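Text of work11.txt (compact mmCIF, C-alpha atoms) as supplied:
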# COMPACT_ATOMS: atom_id res chain seq x y z
CA MET A 1 -1.02 60.91 -39.02
CA GLY A 2 -1.56 61.76 -35.38
CA ALA A 3 1.66 63.72 -35.25
CA GLU A 4 0.63 65.86 -38.20
CA SER A 5 -2.85 66.66 -36.91
CA ASP A 6 -1.75 67.21 -33.30
CA SER A 7 1.02 69.60 -34.15
CA ASN A 8 -1.13 71.30 -36.72
CA PRO A 9 -0.74 75.03 -36.06
CA LYS A 10 -4.19 75.74 -37.53
CA ILE A 11 -5.94 74.09 -34.56
CA VAL A 12 -4.05 75.93 -31.84
CA ALA A 13 -3.78 79.14 -33.77
CA SER A 14 -7.46 79.93 -33.26
CA ALA A 15 -7.01 80.29 -29.48
CA ALA A 16 -5.67 83.25 -27.60
CA PRO A 17 -1.91 83.29 -26.83
CA GLU A 18 -2.36 82.75 -23.01
CA GLU A 19 -4.82 79.95 -23.54
CA ARG A 20 -2.54 78.52 -26.16
CA ASN A 21 0.36 78.53 -23.73
CA SER A 22 -1.69 76.90 -20.97
CA ARG A 23 -2.93 74.24 -23.37
CA ARG A 24 0.61 73.58 -24.51
CA LEU A 25 1.66 73.25 -20.87
CA ILE A 26 -1.26 70.93 -20.17
CA GLY A 27 -0.38 68.90 -23.22
CA ARG A 28 3.24 68.70 -22.12
CA TRP A 29 2.42 67.57 -18.57
CA LEU A 30 -0.23 65.22 -19.84
CA SER A 31 2.28 63.66 -22.21
CA VAL A 32 4.84 63.21 -19.48
CA GLY A 33 2.17 61.88 -17.09
CA ILE A 34 0.80 59.39 -19.63
CA VAL A 35 4.24 58.03 -20.54
CA ALA A 36 5.41 57.88 -16.91
CA SER A 37 2.26 56.22 -15.58
CA ALA A 38 2.28 53.73 -18.46
CA ALA A 39 5.87 52.88 -17.62
CA VAL A 40 5.07 52.53 -13.90
CA LEU A 41 2.03 50.36 -14.55
CA GLY A 42 4.05 48.28 -16.98
CA LEU A 43 6.67 47.71 -14.32
CA ILE A 44 3.99 46.81 -11.76
CA ILE A 45 2.50 44.28 -14.16
CA LEU A 46 5.92 42.89 -14.95
CA PHE A 47 6.55 42.48 -11.23
CA LYS A 48 3.17 40.86 -10.60
CA THR A 49 3.37 38.44 -13.51
CA ASN A 50 6.89 37.48 -12.51
CA PHE A 51 6.22 36.87 -8.85
CA HIS A 52 2.59 35.74 -9.04
CA PRO A 53 2.26 34.09 -12.41
CA ARG A 54 -1.10 32.75 -13.43
CA THR A 55 -1.95 30.48 -16.32
CA ASP A 56 -4.34 27.77 -17.43
CA ASP A 57 -1.78 25.29 -18.59
CA ALA A 58 1.27 25.52 -16.38
CA THR A 59 3.98 22.91 -16.44
CA VAL A 60 6.48 22.24 -13.72
CA LEU A 61 10.01 21.34 -14.62
CA ALA A 62 10.92 18.44 -12.38
CA ASN A 63 12.94 15.27 -12.50
CA TYR A 64 10.93 12.11 -12.91
CA ILE A 65 12.62 9.04 -11.55
CA GLY A 66 11.06 5.77 -12.54
CA ILE A 67 11.36 3.14 -9.86
CA ALA A 68 10.71 -0.55 -10.27
CA PRO A 69 11.15 -3.37 -7.77
CA GLN A 70 13.59 -6.15 -8.49
CA VAL A 71 10.91 -8.76 -7.90
CA GLU A 72 7.35 -8.68 -9.09
CA GLY A 73 4.18 -9.34 -7.21
CA PRO A 74 1.00 -7.74 -5.95
CA LEU A 75 1.33 -4.82 -3.56
CA VAL A 76 -0.09 -5.28 -0.11
CA ARG A 77 0.77 -1.85 1.27
CA LEU A 78 1.30 1.59 -0.25
CA PRO A 79 1.99 3.96 2.63
CA ILE A 80 2.89 7.11 0.65
CA GLN A 81 0.60 9.47 -1.25
CA ASP A 82 1.13 11.10 -4.63
CA ASN A 83 3.70 13.91 -4.67
CA GLN A 84 4.71 13.14 -1.13
CA PHE A 85 8.21 14.07 -0.08
CA VAL A 86 10.16 10.97 0.83
CA ARG A 87 13.54 10.45 2.35
CA LYS A 88 16.18 7.88 1.63
CA GLY A 89 15.32 4.52 3.07
CA GLU A 90 11.64 5.25 3.47
CA LEU A 91 9.19 2.48 2.58
CA LEU A 92 7.48 3.19 -0.74
CA PHE A 93 5.44 0.02 -1.16
CA GLU A 94 5.34 -3.52 0.12
CA ILE A 95 5.12 -6.53 -2.16
CA ASP A 96 3.19 -9.60 -1.09
CA GLU A 97 5.80 -11.87 0.47
CA ARG A 98 3.76 -15.06 0.64
CA PRO A 99 4.77 -16.53 -2.77
CA PHE A 100 8.40 -15.95 -1.90
CA GLN A 101 7.85 -17.48 1.53
CA TYR A 102 6.34 -20.55 -0.12
CA ALA A 103 9.23 -20.75 -2.56
CA LEU A 104 11.71 -20.51 0.31
CA GLU A 105 9.96 -23.25 2.25
CA ARG A 106 9.82 -25.44 -0.83
CA ALA A 107 13.54 -24.90 -1.43
CA LEU A 108 14.29 -25.72 2.20
CA SER A 109 12.26 -28.91 2.02
CA ASP A 110 14.01 -29.84 -1.22
CA GLN A 111 17.30 -29.28 0.55
CA ALA A 112 16.22 -31.47 3.45
CA THR A 113 15.15 -34.20 1.00
CA LEU A 114 18.48 -34.03 -0.76
CA GLU A 115 20.34 -34.19 2.52
CA GLY A 116 18.33 -37.27 3.49
CA GLN A 117 19.17 -38.82 0.14
CA ILE A 118 22.83 -38.02 0.74
CA VAL A 119 22.66 -39.83 4.09
CA ASP A 120 20.96 -42.81 2.41
CA GLU A 121 23.56 -42.94 -0.32
CA THR A 122 26.36 -42.67 2.20
CA ARG A 123 24.94 -45.61 4.08
CA ARG A 124 24.57 -47.59 0.88
CA ILE A 125 28.14 -46.82 -0.09
CA ALA A 126 29.30 -47.98 3.34
CA ALA A 127 27.26 -51.17 2.99
CA LEU A 128 28.72 -51.78 -0.46
CA LYS A 129 32.23 -51.24 0.85
CA SER A 130 31.70 -53.70 3.65
CA ALA A 131 30.20 -56.13 1.14
CA VAL A 132 33.26 -55.70 -1.04
CA VAL A 133 35.47 -56.46 1.94
CA ARG A 134 33.41 -59.50 2.73
CA PHE A 135 33.48 -60.64 -0.87
CA ARG A 136 37.24 -60.29 -1.01
CA GLY A 137 37.48 -62.47 2.05
CA GLN A 138 35.25 -65.11 0.55
CA HIS A 139 37.11 -64.90 -2.74
CA SER A 140 40.46 -65.42 -1.16
CA GLN A 141 38.99 -68.25 0.89
CA CYS A 142 37.63 -69.85 -2.27
CA ARG A 143 40.92 -69.54 -4.06
CA SER A 144 42.80 -71.03 -1.23
CA ARG A 145 40.30 -73.91 -1.12
CA ARG A 146 40.78 -74.51 -4.87
CA GLY A 147 44.51 -74.50 -4.44
CA HIS A 148 44.21 -77.20 -1.80
CA GLY A 149 42.08 -79.35 -4.13
CA ARG A 150 44.71 -79.23 -6.78
CA LYS A 151 47.14 -80.59 -4.34
CA GLY A 152 44.88 -83.59 -3.80
CA ARG A 153 43.76 -82.81 -0.35
CA TYR A 154 40.35 -81.82 -1.59
CA SER A 155 38.38 -84.30 -3.70
CA ARG A 156 36.51 -82.84 -6.63
CA THR A 157 33.16 -84.42 -6.17
CA SER A 158 31.05 -82.03 -8.18
CA GLY A 159 33.04 -82.57 -11.38
CA MET A 160 33.33 -78.88 -12.16
CA GLY A 161 34.79 -77.79 -8.93
CA VAL A 162 32.66 -74.67 -8.89
CA CYS A 163 33.34 -72.24 -6.21
CA GLN A 164 30.55 -69.82 -6.46
CA HIS A 165 29.41 -67.30 -3.99
CA GLN A 166 26.87 -64.67 -4.32
CA PHE A 167 26.13 -61.75 -2.25
CA ALA A 168 23.50 -59.14 -2.44
CA PRO A 169 24.08 -56.11 -0.31
CA PRO A 170 20.99 -54.51 1.03
CA GLY A 171 19.42 -52.10 -1.42
CA ALA A 172 22.03 -52.60 -4.07
CA VAL A 173 21.88 -54.14 -7.45
CA THR A 174 22.41 -57.78 -7.12
CA GLN A 175 25.98 -58.52 -7.86
CA ASP A 176 27.14 -61.93 -8.73
CA ALA A 177 30.66 -62.53 -7.79
CA SER A 178 31.72 -65.87 -8.98
CA CYS A 179 34.94 -67.49 -9.63
CA LEU A 180 34.42 -70.28 -12.07
CA ARG A 181 37.15 -72.55 -12.90
CA ARG A 182 37.13 -72.98 -16.62
CA MET B 1 -18.15 45.72 -10.34
CA LEU B 2 -17.51 43.59 -7.28
CA PRO B 3 -18.68 40.32 -8.88
CA TRP B 4 -16.44 41.12 -11.82
CA LEU B 5 -13.51 41.65 -9.49
CA ALA B 6 -14.29 38.47 -7.61
CA SER B 7 -14.71 36.48 -10.81
CA GLY B 8 -11.29 37.65 -11.91
CA CYS B 9 -9.83 35.58 -9.11
CA SER B 10 -11.46 32.30 -10.05
CA ARG B 11 -12.16 31.90 -13.73
CA ALA B 12 -9.61 31.35 -16.42
CA PRO B 13 -8.05 34.51 -17.86
CA SER B 14 -9.31 33.86 -21.37
CA PHE B 15 -12.43 34.66 -23.35
CA ASP B 16 -14.44 32.35 -25.53
CA ILE B 17 -15.25 34.37 -28.65
CA ILE B 18 -17.08 32.30 -31.30
CA GLY B 19 -15.37 29.12 -30.22
CA SER B 20 -11.85 30.52 -29.96
CA PHE B 21 -10.25 31.34 -26.67
CA PHE B 22 -8.55 34.71 -26.55
CA PRO B 23 -6.25 35.64 -23.67
CA ALA B 24 -7.37 38.38 -21.33
CA TRP B 25 -4.47 40.66 -22.14
CA LEU B 26 -5.52 40.70 -25.79
CA ILE B 27 -9.00 41.85 -24.84
CA CYS B 28 -7.45 44.44 -22.54
CA LEU B 29 -5.19 45.61 -25.37
CA ILE B 30 -8.11 46.06 -27.77
CA ILE B 31 -10.09 47.98 -25.15
CA GLY B 32 -7.01 50.07 -24.36
CA ILE B 33 -6.48 50.95 -28.03
CA LEU B 34 -10.15 51.93 -28.37
CA LEU B 35 -9.96 54.05 -25.20
CA ALA B 36 -6.73 55.65 -26.43
CA ALA B 37 -8.48 56.54 -29.70
CA LEU B 38 -11.34 58.00 -27.68
CA GLY B 39 -8.83 59.93 -25.54
CA ARG B 40 -7.12 61.29 -28.64
CA TRP B 41 -10.46 62.41 -29.99
CA LEU B 42 -11.23 64.16 -26.70
CA LEU B 43 -7.79 65.81 -26.56
CA LEU B 44 -8.13 67.05 -30.13
CA ARG B 45 -11.56 68.37 -29.25
CA GLN B 46 -10.11 70.25 -26.30
CA GLN B 47 -7.32 71.45 -28.61
CA ILE B 48 -4.64 70.03 -26.35
CA ALA B 49 -1.60 68.94 -28.27
CA VAL B 50 0.65 66.32 -26.72
CA VAL B 51 4.41 66.57 -27.12
CA TRP B 52 5.41 63.36 -28.91
CA PRO B 53 2.18 61.83 -30.19
CA ILE B 54 4.00 58.80 -31.57
CA LEU B 55 5.17 57.99 -28.04
CA VAL B 56 2.26 59.37 -26.00
CA TYR B 57 -0.70 57.69 -27.72
CA PRO B 58 0.81 54.18 -27.64
CA SER B 59 1.65 54.91 -24.02
CA LEU B 60 -1.95 55.94 -23.43
CA ALA B 61 -3.15 52.68 -25.02
CA ALA B 62 -0.68 50.76 -22.87
CA LEU B 63 -1.82 52.67 -19.80
CA PHE B 64 -5.47 51.72 -20.37
CA THR B 65 -4.45 48.14 -21.14
CA PHE B 66 -2.41 47.82 -17.95
CA LEU B 67 -5.11 49.51 -15.90
CA PHE B 68 -7.80 47.17 -17.20
CA TRP B 69 -5.66 44.13 -16.68
CA LEU B 70 -4.72 45.19 -13.16
CA ILE B 71 -8.32 45.94 -12.20
CA PHE B 72 -9.98 42.86 -13.65
CA PHE B 73 -7.40 40.10 -14.09
CA SER B 74 -4.46 40.53 -11.74

Mind converting the file's structure to structure tokens?
Amino acid sequence: MGAESDSNPKIVASAAPEERNSRRLIGRWLSVGIVASAAVLGLIILFKTNFHPRTDDATVLANYIGIAPQVEGPLVRLPIQDNQFVRKGELLFEIDERPFQYALERALSDQATLEGQIVDETRRIAALKSAVVRFRGQHSQCRSRRGHGRKGRYSRTSGMGVCQHQFAPPGAVTQDASCLRR
Amino acid sequence: MLPWLASGCSRAPSFDIIGSFFPAWLICLIIGILLAALGRWLLLRQQIAVVWPILVYPSLAALFTFLFWLIFFS
């Protein structure tokens, strides 16, 4: 529509030929100027919006790395701020170490208790071994005494001829070691 | 003029029109089209014919749009 009315010869035909020429020249330069300045301004805006972008709701493409400690507990220290640049090995946060300290001490005391029990048991085993040795000695003595009685050197006064000996090692279950002649 | 220029630096580049937010460039485009229509009316009144109207008048609208955006919102 604009093209038809602008290039309408009736409008420009009313003017004088010189004026018509000058208006055509003006129109030509104006057209070139409008298109060129629009292109230049468009490039300027393209440059500005590319290098100085501005928006209400910008998002930044970044890598989020979730970190979690291997042990849980309350934090006692958080030395870094949000969005702070950190290097490898830098302290991010400090977990309260007291519960773990208590657990360590408890485990150490349990270990000490167990070691004490091991010493006790070792002593008991040694006592039992010595008691076994002693019992074997008594047993062999008893047997040899019985053997003598059979040969008539030893009179059986008690009727049964019981050779009974008991021993109770310290701290052990009472063991009756008896050799009864049946 | 100066408060407008200063406000362009701080407030959000959008307009609240009856509850909807329109971006600034859209407002600039509408104003540019209106100004281009006004310019065409003036040119026709002065009996100045542009060479390629189908290229020049959209360029004129774009020119006003860019100019407005650069003045008030860049």

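Nearest-residue note for chain A: choosing from B:Gly32, B:Pro58, B:Ile48, B:Phe73, the minimum distance belongs to B:Ile48, counting only C-alpha atoms.
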
Contact residues (chain B, partner chain A, 7 Å, all atoms listed in the file) as a PyMOL selection string: chain B and resi 12+47-51+53-54+56+59-60+62-63+66

Writing out the chosen residues with C-alpha atoms as a CSV table (one decimal), keeping the file's coordinate frame:
chain,number,residue,atom,x,y,z
B,12,ALA,CA,-9.6,31.4,-16.4
B,47,GLN,CA,-7.3,71.4,-28.6
B,48,ILE,CA,-4.6,70.0,-26.4
B,49,ALA,CA,-1.6,68.9,-28.3
B,50,VAL,CA,0.6,66.3,-26.7
B,51,VAL,CA,4.4,66.6,-27.1
B,53,PRO,CA,2.2,61.8,-30.2
B,54,ILE,CA,4.0,58.8,-31.6
B,56,VAL,CA,2.3,59.4,-26.0
B,59,SER,CA,1.6,54.9,-24.0
B,60,LEU,CA,-2.0,55.9,-23.4
B,62,ALA,CA,-0.7,50.8,-22.9
B,63,LEU,CA,-1.8,52.7,-19.8
B,66,PHE,CA,-2.4,47.8,-18.0

Length of the atom CA of A:Pro74 to atom CA of A:Phe100 vector [Å]: 11.8 Å

Shell of 9 Å around B:Trp69, only C-alpha atoms, local chain residues under 3 positions omitted, as a CSV table (one decimal) with C-alpha atoms, in the frame of the given file:
chain,number,residue,atom,x,y,z
A,45,ILE,CA,2.5,44.3,-14.2
B,24,ALA,CA,-7.4,38.4,-21.3
B,25,TRP,CA,-4.5,40.7,-22.1
B,28,CYS,CA,-7.4,44.4,-22.5
B,29,LEU,CA,-5.2,45.6,-25.4
B,64,PHE,CA,-5.5,51.7,-20.4
B,65,THR,CA,-4.4,48.1,-21.1
B,66,PHE,CA,-2.4,47.8,-18.0
B,72,PHE,CA,-10.0,42.9,-13.6
B,73,PHE,CA,-7.4,40.1,-14.1
B,74,SER,CA,-4.5,40.5,-11.7

Which of B:Phe15, B:Ile33, B:Leu55, B:Phe22 sits closest to B:Phe68 [using all atoms listed in the file]: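 Closest to B:Phe68, using all atoms listed in the file: B:Ile33.
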
Atom CA of B:Ser14 to atom CA of B:Leu38, distance in Å rounded to a single decimal: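 Computing the Euclidean distance for atom CA of B:Ser14 and atom CA of B:Leu38 yields 25.0 Å.
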